[in-house]
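Visitor: Input structure: final_28.txt, which contains compact mmCIF, C-alpha atoms.
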# COMPACT_ATOMS: atom_id res chain seq x y z
CA MET Y 1 10.53 1.73 20.43
CA GLY Y 2 10.17 4.87 22.53
CA GLU Y 3 6.93 6.35 23.79
CA ARG Y 4 3.64 4.84 22.72
CA ALA Y 5 1.40 6.90 20.49
CA SER Y 6 -1.85 8.34 21.83
CA VAL Y 7 -3.87 5.91 19.75
CA THR Y 8 -5.85 2.72 20.32
CA GLY Y 9 -4.94 -0.29 18.23
CA ALA Y 10 -7.84 -2.22 16.71
CA ILE Y 11 -7.76 -5.63 15.04
CA LEU Y 12 -10.55 -6.38 12.56
CA ALA Y 13 -11.52 -10.02 13.09
CA GLY Y 14 -15.18 -10.35 12.19
CA GLY Y 15 -15.03 -11.48 8.58
CA ALA Y 16 -16.63 -14.59 7.09
CA SER Y 17 -13.29 -15.87 5.66
CA ARG Y 18 -15.09 -17.35 2.63
CA ARG Y 19 -11.97 -17.74 0.49
CA MET Y 20 -10.03 -19.37 3.33
CA GLY Y 21 -12.91 -21.66 4.26
CA ARG Y 22 -12.32 -21.22 8.00
CA ARG Y 23 -11.63 -18.42 10.46
CA LYS Y 24 -8.37 -16.74 9.54
CA GLU Y 25 -7.50 -15.13 12.83
CA VAL Y 26 -6.96 -18.45 14.65
CA LEU Y 27 -4.80 -20.03 11.95
CA PRO Y 28 -1.12 -20.54 12.82
CA ALA Y 29 1.28 -17.83 11.70
CA GLY Y 30 4.42 -19.75 12.61
CA ASP Y 31 6.58 -19.64 15.76
CA GLY Y 32 3.69 -21.04 17.82
CA VAL Y 33 1.36 -18.04 17.45
CA THR Y 34 -1.89 -17.47 15.56
CA MET Y 35 -2.37 -14.78 12.94
CA ILE Y 36 -4.28 -12.51 15.33
CA GLU Y 37 -1.63 -12.99 18.02
CA ARG Y 38 1.05 -11.98 15.54
CA VAL Y 39 -0.86 -8.82 14.58
CA GLU Y 40 -1.44 -8.00 18.25
CA SER Y 41 2.27 -8.29 18.96
CA VAL Y 42 3.01 -5.81 16.17
CA LEU Y 43 0.35 -3.31 17.31
CA ALA Y 44 0.94 -3.42 21.07
CA PRO Y 45 4.29 -1.57 21.16
CA LEU Y 46 2.73 1.39 19.30
CA THR Y 47 -0.58 1.87 21.07
CA SER Y 48 -2.07 2.63 24.46
CA ARG Y 49 -4.24 -0.52 24.18
CA VAL Y 50 -5.41 -3.07 21.63
CA VAL Y 51 -9.09 -3.95 21.11
CA VAL Y 52 -10.65 -6.65 18.95
CA VAL Y 53 -13.42 -5.75 16.50
CA GLY Y 54 -15.68 -8.75 15.82
CA ASP Y 55 -17.09 -11.85 17.44
CA THR Y 56 -13.94 -13.98 17.38
CA PRO Y 57 -13.08 -16.15 20.40
CA ALA Y 58 -9.40 -15.25 19.93
CA LEU Y 59 -7.57 -12.94 22.36
CA PRO Y 60 -10.21 -13.42 25.09
CA ASP Y 61 -8.48 -10.99 27.50
CA HIS Y 62 -8.84 -8.03 25.13
CA GLU Y 63 -11.70 -5.53 24.98
CA ARG Y 64 -14.29 -6.25 22.29
CA VAL Y 65 -16.20 -4.01 19.88
CA PHE Y 66 -19.18 -5.55 18.09
CA ASP Y 67 -20.71 -4.36 14.81
CA LEU Y 68 -23.72 -2.08 15.08
CA ARG Y 69 -24.96 -3.37 11.71
CA PRO Y 70 -24.35 -7.05 10.90
CA ASP Y 71 -22.79 -8.27 7.66
CA GLN Y 72 -21.35 -4.94 6.52
CA GLY Y 73 -17.75 -6.09 6.18
CA PRO Y 74 -14.77 -4.12 7.48
CA LEU Y 75 -16.63 -0.82 7.15
CA GLY Y 76 -19.26 -2.05 9.61
CA GLY Y 77 -16.54 -2.87 12.12
CA ILE Y 78 -14.94 0.53 11.60
CA GLU Y 79 -18.28 2.26 12.23
CA ALA Y 80 -18.66 0.41 15.54
CA LEU Y 81 -15.07 1.21 16.51
CA LEU Y 82 -15.34 4.94 15.78
CA ALA Y 83 -18.70 5.10 17.60
CA SER Y 84 -17.40 3.17 20.64
CA GLY Y 85 -16.12 6.18 22.59
CA LEU Y 86 -12.94 4.25 23.42
CA ASP Y 87 -10.62 6.84 21.89
CA ARG Y 88 -10.37 9.60 19.33
CA HIS Y 89 -7.59 8.02 17.25
CA PHE Y 90 -7.38 4.40 16.10
CA LEU Y 91 -4.76 2.34 14.29
CA VAL Y 92 -6.80 -0.31 12.47
CA VAL Y 93 -5.23 -3.54 11.21
CA PRO Y 94 -6.95 -6.64 9.78
CA CYS Y 95 -6.20 -9.98 11.44
CA ASP Y 96 -4.88 -11.41 8.16
CA MET Y 97 -1.69 -9.31 7.79
CA PRO Y 98 0.79 -11.42 9.77
CA ARG Y 99 3.86 -10.10 7.90
CA LEU Y 100 3.39 -6.52 9.13
CA THR Y 101 6.22 -5.14 11.23
CA THR Y 102 6.09 -2.65 14.06
CA ASP Y 103 8.55 -0.28 12.38
CA LEU Y 104 6.40 -0.10 9.25
CA LEU Y 105 3.15 0.34 11.16
CA ALA Y 106 4.75 3.11 13.25
CA LEU Y 107 4.69 5.32 10.14
CA LEU Y 108 0.88 5.39 10.38
CA ALA Y 109 0.66 5.87 14.13
CA VAL Y 110 1.70 9.51 14.11
CA GLY Y 111 -1.25 11.86 14.56
CA CYS Y 112 -2.09 14.52 12.01
CA ASP Y 113 -4.92 16.83 11.00
CA GLU Y 114 -6.38 14.54 8.34
CA PRO Y 115 -9.13 12.08 9.35
CA ALA Y 116 -7.14 9.12 7.95
CA THR Y 117 -3.63 7.98 7.03
CA VAL Y 118 -2.82 5.06 4.72
CA PHE Y 119 0.12 3.44 2.94
CA ARG Y 120 0.94 3.50 -0.76
CA LEU Y 121 3.79 1.76 -2.51
CA LYS Y 122 6.11 4.15 -4.31
CA GLY Y 123 5.41 4.17 -8.02
CA THR Y 124 1.77 3.08 -7.67
CA ALA Y 125 -1.42 5.13 -7.83
CA GLU Y 126 -3.77 3.41 -5.39
CA PRO Y 127 -3.20 3.39 -1.62
CA TYR Y 128 -3.81 0.34 0.55
CA PRO Y 129 -7.18 0.54 2.35
CA LEU Y 130 -5.72 -1.29 5.37
CA PRO Y 131 -3.99 -0.82 7.69
CA VAL Y 132 -5.32 2.68 8.36
CA ARG Y 133 -5.08 5.32 11.06
CA LEU Y 134 -8.52 6.84 11.61
CA ASP Y 135 -9.85 9.76 13.61
CA VAL Y 136 -13.42 9.81 14.96
CA ALA Y 137 -14.00 12.75 12.60
CA ALA Y 138 -14.38 10.09 9.88
CA LEU Y 139 -17.48 8.60 11.54
CA PRO Y 140 -20.13 10.71 9.74
CA MET Y 141 -18.64 9.76 6.36
CA VAL Y 142 -18.50 6.08 7.37
CA ARG Y 143 -22.16 6.18 8.38
CA ARG Y 144 -23.16 7.92 5.16
CA HIS Y 145 -21.44 5.28 3.05
CA LEU Y 146 -23.10 2.45 4.96
CA ASP Y 147 -26.51 4.17 4.75
CA GLU Y 148 -26.05 4.35 0.97
CA GLY Y 149 -24.98 0.70 0.72
CA ARG Y 150 -21.40 1.62 -0.19
CA ARG Y 151 -19.21 -0.81 1.75
CA ALA Y 152 -15.87 -0.52 -0.07
CA LEU Y 153 -13.09 0.91 2.06
CA ARG Y 154 -11.42 2.32 -1.05
CA ASP Y 155 -14.50 4.46 -1.73
CA LEU Y 156 -14.50 5.73 1.83
CA LEU Y 157 -10.82 6.64 1.70
CA ALA Y 158 -11.26 8.47 -1.59
CA ALA Y 159 -13.97 10.57 0.08
CA LEU Y 160 -11.86 11.19 3.20
CA ARG Y 161 -8.77 12.31 1.23
CA PRO Y 162 -6.31 10.68 3.65
CA ARG Y 163 -2.70 11.54 4.26
CA ILE Y 164 -0.66 9.06 2.25
CA VAL Y 165 2.60 7.56 3.46
CA ASP Y 166 4.66 6.30 0.53
CA VAL Y 167 6.77 3.24 1.29
CA ALA Y 168 9.37 1.39 -0.75
CA ALA Y 169 8.10 -1.24 -3.19
CA ASP Y 170 10.12 -3.95 -1.46
CA ARG Y 171 7.78 -3.66 1.55
CA ALA Y 172 4.79 -4.94 -0.43
CA GLY Y 173 5.12 -8.38 1.17
CA GLN Y 174 4.65 -6.87 4.62
CA LEU Y 175 1.33 -5.40 3.49
CA ALA Y 176 0.00 -8.62 1.96
CA ASN Y 177 -3.19 -10.26 3.21
CA VAL Y 178 -3.44 -14.02 3.78
CA ASN Y 179 -6.82 -14.85 2.21
CA THR Y 180 -6.59 -18.37 0.78
CA PRO Y 181 -5.26 -21.79 1.86
CA ALA Y 182 -2.43 -21.42 -0.68
CA GLU Y 183 -1.41 -18.04 0.76
CA HIS Y 184 -1.53 -19.49 4.26
CA SER Y 185 0.64 -22.42 3.20
CA ALA Y 186 3.16 -19.98 1.70
CA LEU Y 187 3.22 -18.06 4.99
CA LEU Y 188 4.23 -21.22 6.86
CA THR Y 189 6.78 -22.42 4.29
CA PRO Y 190 10.31 -21.23 5.14
CA ARG Y 191 11.91 -19.21 2.38
CA ARG Y 192 14.89 -20.91 0.85
CA GLU Y 193 17.95 -18.91 -0.05
CA PRO Y 194 19.12 -19.41 -3.66
CA PRO Y 195 22.17 -21.71 -3.93
CA CYS Y 196 25.57 -20.07 -4.19
CA SER Y 197 27.11 -20.31 -7.62
Please go through the file and, once you have read it, give me the structure as structure tokens.
Guide:
Amino acid sequence: MGERASVTGAILAGGASRRMGRRKEVLPAGDGVTMIERVESVLAPLTSRVVVVGDTPALPDHERVFDLRPDQGPLGGIEALLASGLDRHFLVVPCDMPRLTTDLLALLAVGCDEPATVFRLKGTAEPYPLPVRLDVAALPMVRRHLDEGRRALRDLLAALRPRIVDVAADRAGQLANVNTPAEHSALLTPRREPPCS
């Protein structure tokens, strides 16, 4: 992969997982690893270290960052991360994106002048809110949104005016979240090739 970027990887793993009905990060992702372990394996080659944001028992050997304000969703975790003093640049990935690949994520890891970088599928208008590369310069805006009760990452990104990396539409599956039991079942079901005619 070459030299690691000067960025800390962060896995968001503090959600309530209401739609799944149980903690997502410890669910199997196939090949004997959990979802959070799969995400960690994708992040690690790109970053100087990987930290876990949230109160999960998973990845016990990794550094932890805990929310400064409880029950604020991903934005609360991002506030704590940016305020942690661990680094200036962060590559933030949720624990429920087990189809991400290192080569795709590498497109976000490159530093730039903007406070954030996100993906967008070619031919679409809205960027993905996660994964995201964030600079600590985004912290005041994050705090302002939380103070105002605005917890949506999409709103934050619109205010930050991030750099957008357009990727081919056929990579949409790599950016998919696993939020429900049906989506988790599909993750574990091997894809069958269509029969030859």
Visitor: One decimal, Å: what's the distance from CA of Arg38 in chain Y over to CA of Asp96 in chain Y, could you say?
Guide: 9.5 Å
Visitor: Quick one, how far is CA of Phe119 in chain Y from CA of Gln174 in chain Y?
Guide: 11.4 Å
Visitor: So that I can check the surroundings of Val93 in chain Y, please list as a PDB file with C-alpha atoms, in the frame of the given file every protein, DNA and RNA residue that reaches within 8 Å of it, counting only C-alpha atoms and ignoring chain neighbours fewer than 2 positions away.
Guide:
ATOM      1  CA  GLY Y   9      -4.940  -0.290  18.230  1.00  0.00           C
ATOM      2  CA  ALA Y  10      -7.840  -2.220  16.710  1.00  0.00           C
ATOM      3  CA  ILE Y  11      -7.760  -5.630  15.040  1.00  0.00           C
ATOM      4  CA  LEU Y  12     -10.550  -6.380  12.560  1.00  0.00           C
ATOM      5  CA  VAL Y  39      -0.860  -8.820  14.580  1.00  0.00           C
ATOM      6  CA  LEU Y  91      -4.760   2.340  14.290  1.00  0.00           C
ATOM      7  CA  CYS Y  95      -6.200  -9.980  11.440  1.00  0.00           C
ATOM      8  CA  MET Y  97      -1.690  -9.310   7.790  1.00  0.00           C
ATOM      9  CA  LEU Y 130      -5.720  -1.290   5.370  1.00  0.00           C
ATOM     10  CA  PRO Y 131      -3.990  -0.820   7.690  1.00  0.00           C
ATOM     11  CA  VAL Y 132      -5.320   2.680   8.360  1.00  0.00           C
TER      12      VAL Y 132
END
Visitor: For Pro140 in chain Y, list every protein, DNA or RNA residue within 12 Å, evaluated using all atoms listed in the file, and leave out those in the same chain fewer than 2 positions away; present the list as a VMD selection string.
Guide: chain Y and resid 78 to 80 82 to 83 115 135 to 138 142 to 147 156 159 to 160
Visitor: Measuring atom to atom with all atoms listed in the file, identify which of Y:Pro98, Y:Arg171, Y:Arg150, Y:Asp55 is nearest to Gly30 in chain Y.
Guide: Y:Pro98
Visitor: What does the distance from CA of Gly173 in chain Y to CA of Leu104 in chain Y come to in Å, to one decimal?
Guide: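 These atoms are spaced 11.6 Å apart.
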Visitor: Within 10 Å of His184 in chain Y, counting all atoms listed in the file, which residues show up once you throw out same-chain ones fewer than 6 positions away? Write them as a list of chain:residue names, please.
Guide: Y:Met20, Y:Lys24, Y:Leu27, Y:Pro28, Y:Ala29, Y:Met35, Y:Asp96, Y:Asn177, Y:Val178
Visitor: Please return as a PyMOL selection string every residue within 10 Å of (-4.1, -16.6, 23.3), taking into account only C-alpha atoms and the file's own coordinates.
Guide: chain Y and resi 26+33-34+36-37+57-62
Visitor: Which one of Y:Leu175, Y:Leu68, Y:Ala168, Y:Met141 sits closest to Leu105 in chain Y if you count all atoms listed in the file?
Guide: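 The closest residue to Leu105 in chain Y is Y:Leu175.
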Visitor: Find the spatial neighbours of Thr8 in chain Y, counting all atoms listed in the file, within a cut-off of 8 Å - ignore same-chain residues fewer than 2 positions away - and output them as an mmCIF file with C-alpha atoms, in the frame of the given file.
Guide:
data_model
loop_
_atom_site.group_PDB
_atom_site.id
_atom_site.type_symbol
_atom_site.label_atom_id
_atom_site.label_comp_id
_atom_site.auth_asym_id
_atom_site.auth_seq_id
_atom_site.Cartn_x
_atom_site.Cartn_y
_atom_site.Cartn_z
ATOM 1 C CA SER Y 6 -1.850 8.340 21.830
ATOM 2 C CA ALA Y 10 -7.840 -2.220 16.710
ATOM 3 C CA THR Y 47 -0.580 1.870 21.070
ATOM 4 C CA SER Y 48 -2.070 2.630 24.460
ATOM 5 C CA ARG Y 49 -4.240 -0.520 24.180
ATOM 6 C CA VAL Y 50 -5.410 -3.070 21.630
ATOM 7 C CA VAL Y 51 -9.090 -3.950 21.110
ATOM 8 C CA LEU Y 86 -12.940 4.250 23.420
ATOM 9 C CA ASP Y 87 -10.620 6.840 21.890
ATOM 10 C CA HIS Y 89 -7.590 8.020 17.250
ATOM 11 C CA PHE Y 90 -7.380 4.400 16.100
ATOM 12 C CA LEU Y 91 -4.760 2.340 14.290
#
Visitor: Have a look at Y:Ala44, Y:Val167, Y:Gly77, Y:Pro70 and name the one nearest to Val118 in chain Y; count all atoms listed in the file.
Guide: Y:Val167
Visitor: Measuring atom to atom with all atoms listed in the file, identify which of Y:Arg88, Y:Pro94, Y:Ala13, Y:Arg23 is nearest to Thr180 in chain Y.
Guide: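 Nearest to Thr180 in chain Y: Y:Arg23.
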Visitor: Which of these, Y:Leu81, Y:Val53, Y:Val65, Y:Leu108, has the shortest distance to Arg163 in chain Y once you count all atoms listed in the file?
Guide: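 Ranked by minimum distance to Arg163 in chain Y, first place goes to Y:Leu108.
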Visitor: Neighbouring residues of Asp103 in chain Y were defined as those with any atom within 10 Å, considering all atoms listed in the file; residues of the same chain fewer than 3 positions away were excluded. Please report them as a PyMOL selection string.
Guide: chain Y and resi 1+42+45-46+100+106-108
